[in-house]
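Novice: Okay, handing you the structure first.
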Amino acid sequence: MAIEDEEEPPKAVLKMRGTTDAVYRTSMENRIKAFSFKPRPSDVILATSSKCGTTFVSQICHQLRTGGHMDFEDIYEVVPWLEITYDIDIDPTDEQIAEPRLFKTHAWHDHVPKGASYIVVLRDPTDASVSFYNFFQDWMFEGDDVTIDDWMKWHVLSKDTPKTVLEYPSIFRFYESWLKQRSDPNYLFVFYEDLLLNPLKEIRKINSFMGLPEDEERIQTALRMSSREFMLGHVEKFQENLARDIISVKSTDGPTPNWSKGSGAKVVPAGTKKPTVSAEYQAQMQAEWKRLVEPVTGFNSYAEMLSDQRTRTL
């Protein structure tokens with residue numbers, strides 16, 4: 001949604017914006033090239049808005065296709081982030097270690113290459129936004145210089161439709177664009193909350209969608225190796241070090257974030273403290289859902305959509 005008033009963002013928000021712009025700025029040429037990639041029908045693209053379980057599902061899918069491969073330094077080596085493939089010198093047309101080839105994206109449906117299969121991971125928009133705030137706190141901004149309500153107003157709710165391929169949509173535009181495809185059998189919609197509640201059930205669903213054999217040993221391996229405990233034990237492989245390298249080398253303007261400080265963690269311990277979004281911004285998040293997602297799905301809230309999903313899959 002557009003910010004209707006002319007209020008100037010706090011200085012800390014402006015500084016944060018400059019830093020986050022540096023993080024997500026790749027060359028226009030490389031982004032267009034990545035989105036022009038022609039996938040195979042067997043390729044699987046993992047589509048999520050930020051902090052909706054991208055790394056979690058990447059690890060699940062990679063372990064399902066390999067049965068225990070961990071010989072990589074960075075998860076992006078084996079599940080490339082499509083938007084930055086050419087910036088980190090990965091050619092998406094190359095063969096991967098196993099079939100199906102896997103890619104991740106945070107882009108909305110309009111920008112993503114068509115012709116593959118797609119696993120779309122959804123999460124409660126407010127929970128995802130709070131997690132994103134925690135991810136950037138003491139990394140992209142200092143402590144409480146940017147409050148959770150600042151974050152909701154100036155980062156989450158100020159976004160809408162991307163104007164170029166270098167921009168990401170709001171979480172609601174992301175959901176709107178992908179949920180329009182929900183009746184297509186080439187799209188699997190997975191709920192982050194269900195991955196936590198019943199991971200084995202969801203892993204079996206993902207395994208079947210990927211066209212892999214029902215190999216119980218491999219399924220159990222994927223379950224074990226995608227657990228929070230296992231991934232925290234190998235956390236250095238899930239910290240997007242390849243992406244961080246290009247920020248220092250290839251970003252052309254904007255301040256560089258301080259990698260040595262703060263969170264920036266892709267895998268966090270259970271029980272990590274979360275700030276509380278005020279009632280005002282919770283209401284604005286609900287209004288955005290009703291404006292953009294309800295017309296596409298018929299559900300008046302994320303909770304209602306999740307409940308319906310669980311009822312239909314019992």
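Following the order of the structure tokens, chains are lettered A, B, ..., residues in each are numbered from 1, and ligands are numbered from 1.
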Please identify the alpha helix (DSSP H) residues within region 51-255 of chain A (assignment by DSSP from backbone atoms) and present them as number ranges by chain.

Specialist: A: 54-66, 75-78, 125-136, 148-151, 171-179, 192-197, 199-209, 216-225, 228-233, 241-250

Novice: Show which residues sit within 10 Å of region 179-185 of chain A, as a PyMOL selection string. Count only C-alpha atoms, and ignore same-chain residues fewer than 5 positions away.

Specialist: chain A and resi 109+117-118+120+122+173-174+209+293+296-297

Novice: Enumerate, in order of chain and increasing residue number, the residues of region 114-211 of chain A with an atom no farther than 10 Å from region 54-58 of chain A, each with its shortest atom pair and distance in Å to one decimal, counting only C-alpha atoms, as a tab-separated table.

Specialist:
residue	atom	partner	partner_atom	distance
A:Ile119	CA	A:Val57	CA	9.0
A:Val120	CA	A:Thr54	CA	9.4
A:Val121	CA	A:Thr54	CA	7.5
A:Leu122	CA	A:Thr54	CA	9.9
A:Val190	CA	A:Val57	CA	9.5
A:Tyr192	CA	A:Val57	CA	9.2
A:Leu195	CA	A:Val57	CA	8.9
A:Ile203	CA	A:Val57	CA	9.0
A:Ile206	CA	A:Val57	CA	9.2

Novice: Env of Ala98 (chain A): 10 Å cut, atoms = only C-alpha atoms, seq-sep filter 4 positions within chain, self excluded. Answer as a VMD selection string.

Specialist: chain A and resid 62 64 to 66 69 78 102

Novice: Give me, as a list of chain:residue names, all polymer residues having an atom no more than 10 Å from Pro100 (chain A), counting only C-alpha atoms and skipping those fewer than 4 positions away in the same chain.

Specialist: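 My list of contacting residues is A:Arg40, A:Pro41, A:Ser42, A:Asp43, A:Val44, A:Ile45, A:Cys61, A:His62, A:Arg65, A:Thr66, A:Glu95, A:Gln96, A:Ser117, A:Met210, A:Gly211, A:Leu212.
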
Novice: Using DSSP assignments from the backbone, pull out every residue in region 118-176 of chain A that falls under strand (DSSP E or B) and give it to me as a ChimeraX atom specification.

Specialist: /A:118-122,137,141

Novice: Print the selection's residues with N, CA, C and O atoms to a file, as a PDB file, in the first residue's frame.

Specialist:
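Result saved to part11.pdb:
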ATOM      1  N   TYR A 118       6.306 -25.643  -9.344  1.00  0.00           N
ATOM      2  CA  TYR A 118       6.531 -24.602  -8.344  1.00  0.00           C
ATOM      3  C   TYR A 118       6.016 -25.052  -6.977  1.00  0.00           C
ATOM      4  O   TYR A 118       4.875 -25.502  -6.865  1.00  0.00           O
ATOM      5  N   ILE A 119       6.880 -24.929  -5.980  1.00  0.00           N
ATOM      6  CA  ILE A 119       6.470 -25.132  -4.594  1.00  0.00           C
ATOM      7  C   ILE A 119       6.409 -23.752  -3.962  1.00  0.00           C
ATOM      8  O   ILE A 119       7.422 -23.058  -3.856  1.00  0.00           O
ATOM      9  N   VAL A 120       5.215 -23.337  -3.568  1.00  0.00           N
ATOM     10  CA  VAL A 120       4.996 -22.004  -3.014  1.00  0.00           C
ATOM     11  C   VAL A 120       4.753 -22.161  -1.512  1.00  0.00           C
ATOM     12  O   VAL A 120       3.834 -22.875  -1.091  1.00  0.00           O
ATOM     13  N   VAL A 121       5.588 -21.517  -0.717  1.00  0.00           N
ATOM     14  CA  VAL A 121       5.484 -21.638   0.740  1.00  0.00           C
ATOM     15  C   VAL A 121       4.853 -20.356   1.289  1.00  0.00           C
ATOM     16  O   VAL A 121       5.312 -19.250   1.005  1.00  0.00           O
ATOM     17  N   LEU A 122       3.800 -20.523   2.066  1.00  0.00           N
ATOM     18  CA  LEU A 122       3.048 -19.405   2.634  1.00  0.00           C
ATOM     19  C   LEU A 122       3.205 -19.385   4.152  1.00  0.00           C
ATOM     20  O   LEU A 122       3.348 -20.440   4.777  1.00  0.00           O
ATOM     21  N   GLN A 137      17.522  -6.848  12.479  1.00  0.00           N
ATOM     22  CA  GLN A 137      17.862  -6.074  13.675  1.00  0.00           C
ATOM     23  C   GLN A 137      19.302  -6.342  14.098  1.00  0.00           C
ATOM     24  O   GLN A 137      19.772  -7.487  14.109  1.00  0.00           O
ATOM     25  N   PHE A 141      20.247  -2.448  10.943  1.00  0.00           N
ATOM     26  CA  PHE A 141      20.022  -1.262  11.764  1.00  0.00           C
ATOM     27  C   PHE A 141      20.339  -1.606  13.206  1.00  0.00           C
ATOM     28  O   PHE A 141      20.351  -2.773  13.594  1.00  0.00           O
TER      29      PHE A 141
END

Novice: Kindly indicate which residue among A:Ala116, A:Ala279, A:Met305, A:Ala287 lies nearest to Asp149 (chain A), using only C-alpha atoms for the distances.

Specialist: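 Counting only C-alpha atoms, the residue closest to Asp149 (chain A) is A:Ala279.
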
Novice: Using Å and a single decimal, report how far CA of Lys38 (chain A) sits from CA of Lys114 (chain A).

Specialist: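 Taking CA of Lys114 (chain A) as the start and CA of Lys38 (chain A) as the end point, the length is 7.3 Å.
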
Novice: Can you measure CA of Ala243 (chain A) to CA of Lys163 (chain A) for me? One decimal in Å is fine.

Specialist: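 Answer for the CA of Ala243 (chain A) to CA of Lys163 (chain A) separation: 22.9 Å.
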
Novice: Tell me, in Å to one decimal, how far CA of Lys104 (chain A) is from CA of Ala47 (chain A).

Specialist: 5.9 Å

Novice: Which polymer residues have any atom within 9 Å of an atom of Ser50 (chain A), counting only C-alpha atoms, with same-chain residues fewer than 6 positions away left out, as a list in words?

Specialist: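 Everything that qualifies: His106, Ala128, Ser129, Ser131, Phe132 and Ile171 of chain A.
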
Novice: Mind checking which residues fall within 12 Å of Glu83 (chain A), counting only C-alpha atoms, ignoring those fewer than 5 positions away in the same chain, and posting them as a ChimeraX atom specification?

Specialist: /A:24-37,45,47,76,88-92,103-108,111-113,165-168,243

Novice: Give me the residues within 10 Å of Gln63 (chain A) as number ranges by chain, counting only C-alpha atoms and dropping any in the same chain fewer than 2 places off.

Specialist: A: 57-61, 65-70, 218-226

Novice: Would you save the residues from that selection as a PDB file, in the first residue's frame, using N, CA and C atoms?

Specialist:
ATOM      1  N   VAL A  57      12.776 -25.230   3.347  1.00  0.00           N
ATOM      2  CA  VAL A  57      12.249 -26.032   2.250  1.00  0.00           C
ATOM      3  C   VAL A  57      13.341 -26.361   1.231  1.00  0.00           C
ATOM      4  N   SER A  58      14.297 -25.463   1.046  1.00  0.00           N
ATOM      5  CA  SER A  58      15.432 -25.773   0.163  1.00  0.00           C
ATOM      6  C   SER A  58      16.181 -26.997   0.661  1.00  0.00           C
ATOM      7  N   GLN A  59      16.414 -27.046   1.969  1.00  0.00           N
ATOM      8  CA  GLN A  59      17.116 -28.191   2.545  1.00  0.00           C
ATOM      9  C   GLN A  59      16.281 -29.461   2.420  1.00  0.00           C
ATOM     10  N   ILE A  60      14.974 -29.384   2.666  1.00  0.00           N
ATOM     11  CA  ILE A  60      14.097 -30.549   2.505  1.00  0.00           C
ATOM     12  C   ILE A  60      14.194 -31.099   1.088  1.00  0.00           C
ATOM     13  N   CYS A  61      14.025 -30.224   0.106  1.00  0.00           N
ATOM     14  CA  CYS A  61      14.003 -30.672  -1.285  1.00  0.00           C
ATOM     15  C   CYS A  61      15.359 -31.226  -1.717  1.00  0.00           C
ATOM     16  N   ARG A  65      16.105 -35.259  -2.887  1.00  0.00           N
ATOM     17  CA  ARG A  65      16.636 -35.682  -4.190  1.00  0.00           C
ATOM     18  C   ARG A  65      18.009 -36.342  -4.087  1.00  0.00           C
ATOM     19  N   THR A  66      18.724 -36.118  -2.963  1.00  0.00           N
ATOM     20  CA  THR A  66      20.083 -36.664  -2.854  1.00  0.00           C
ATOM     21  C   THR A  66      20.232 -37.738  -1.787  1.00  0.00           C
ATOM     22  N   GLY A  67      19.349 -37.744  -0.795  1.00  0.00           N
ATOM     23  CA  GLY A  67      19.453 -38.750   0.253  1.00  0.00           C
ATOM     24  C   GLY A  67      20.565 -38.517   1.249  1.00  0.00           C
ATOM     25  N   GLY A  68      20.952 -37.234   1.448  1.00  0.00           N
ATOM     26  CA  GLY A  68      21.927 -36.960   2.508  1.00  0.00           C
ATOM     27  C   GLY A  68      23.142 -36.164   2.083  1.00  0.00           C
ATOM     28  N   HIS A  69      23.103 -35.470   0.966  1.00  0.00           N
ATOM     29  CA  HIS A  69      24.253 -34.714   0.488  1.00  0.00           C
ATOM     30  C   HIS A  69      24.413 -33.407   1.264  1.00  0.00           C
ATOM     31  N   MET A  70      25.594 -33.239   1.879  1.00  0.00           N
ATOM     32  CA  MET A  70      25.906 -32.004   2.601  1.00  0.00           C
ATOM     33  C   MET A  70      27.260 -31.449   2.188  1.00  0.00           C
ATOM     34  N   ARG A 218      15.097 -42.358   2.489  1.00  0.00           N
ATOM     35  CA  ARG A 218      15.419 -41.014   2.011  1.00  0.00           C
ATOM     36  C   ARG A 218      14.484 -39.978   2.637  1.00  0.00           C
ATOM     37  N   ILE A 219      13.234 -40.303   2.784  1.00  0.00           N
ATOM     38  CA  ILE A 219      12.280 -39.382   3.410  1.00  0.00           C
ATOM     39  C   ILE A 219      12.672 -39.120   4.862  1.00  0.00           C
ATOM     40  N   GLN A 220      13.053 -40.156   5.583  1.00  0.00           N
ATOM     41  CA  GLN A 220      13.469 -39.988   6.978  1.00  0.00           C
ATOM     42  C   GLN A 220      14.773 -39.193   7.073  1.00  0.00           C
ATOM     43  N   THR A 221      15.656 -39.394   6.097  1.00  0.00           N
ATOM     44  CA  THR A 221      16.891 -38.613   6.060  1.00  0.00           C
ATOM     45  C   THR A 221      16.581 -37.133   5.868  1.00  0.00           C
ATOM     46  N   ALA A 222      15.657 -36.833   4.950  1.00  0.00           N
ATOM     47  CA  ALA A 222      15.269 -35.440   4.731  1.00  0.00           C
ATOM     48  C   ALA A 222      14.641 -34.845   5.984  1.00  0.00           C
ATOM     49  N   LEU A 223      13.844 -35.631   6.677  1.00  0.00           N
ATOM     50  CA  LEU A 223      13.231 -35.165   7.926  1.00  0.00           C
ATOM     51  C   LEU A 223      14.304 -34.819   8.951  1.00  0.00           C
ATOM     52  N   ARG A 224      15.255 -35.713   9.125  1.00  0.00           N
ATOM     53  CA  ARG A 224      16.309 -35.509  10.131  1.00  0.00           C
ATOM     54  C   ARG A 224      17.211 -34.334   9.759  1.00  0.00           C
ATOM     55  N   MET A 225      17.574 -34.242   8.486  1.00  0.00           N
ATOM     56  CA  MET A 225      18.567 -33.246   8.070  1.00  0.00           C
ATOM     57  C   MET A 225      17.962 -31.866   7.816  1.00  0.00           C
ATOM     58  N   SER A 226      16.638 -31.771   7.891  1.00  0.00           N
ATOM     59  CA  SER A 226      15.998 -30.456   7.810  1.00  0.00           C
ATOM     60  C   SER A 226      15.489 -30.000   9.170  1.00  0.00           C
TER      61      SER A 226
END

Novice: Pick out the closest residue to Pro295 (chain A) from this set: A:Gln239, A:Ser177, A:Asn186, A:Ser278. Count only C-alpha atoms.

Specialist: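 Selected residue with least distance to Pro295 (chain A): A:Ser177.
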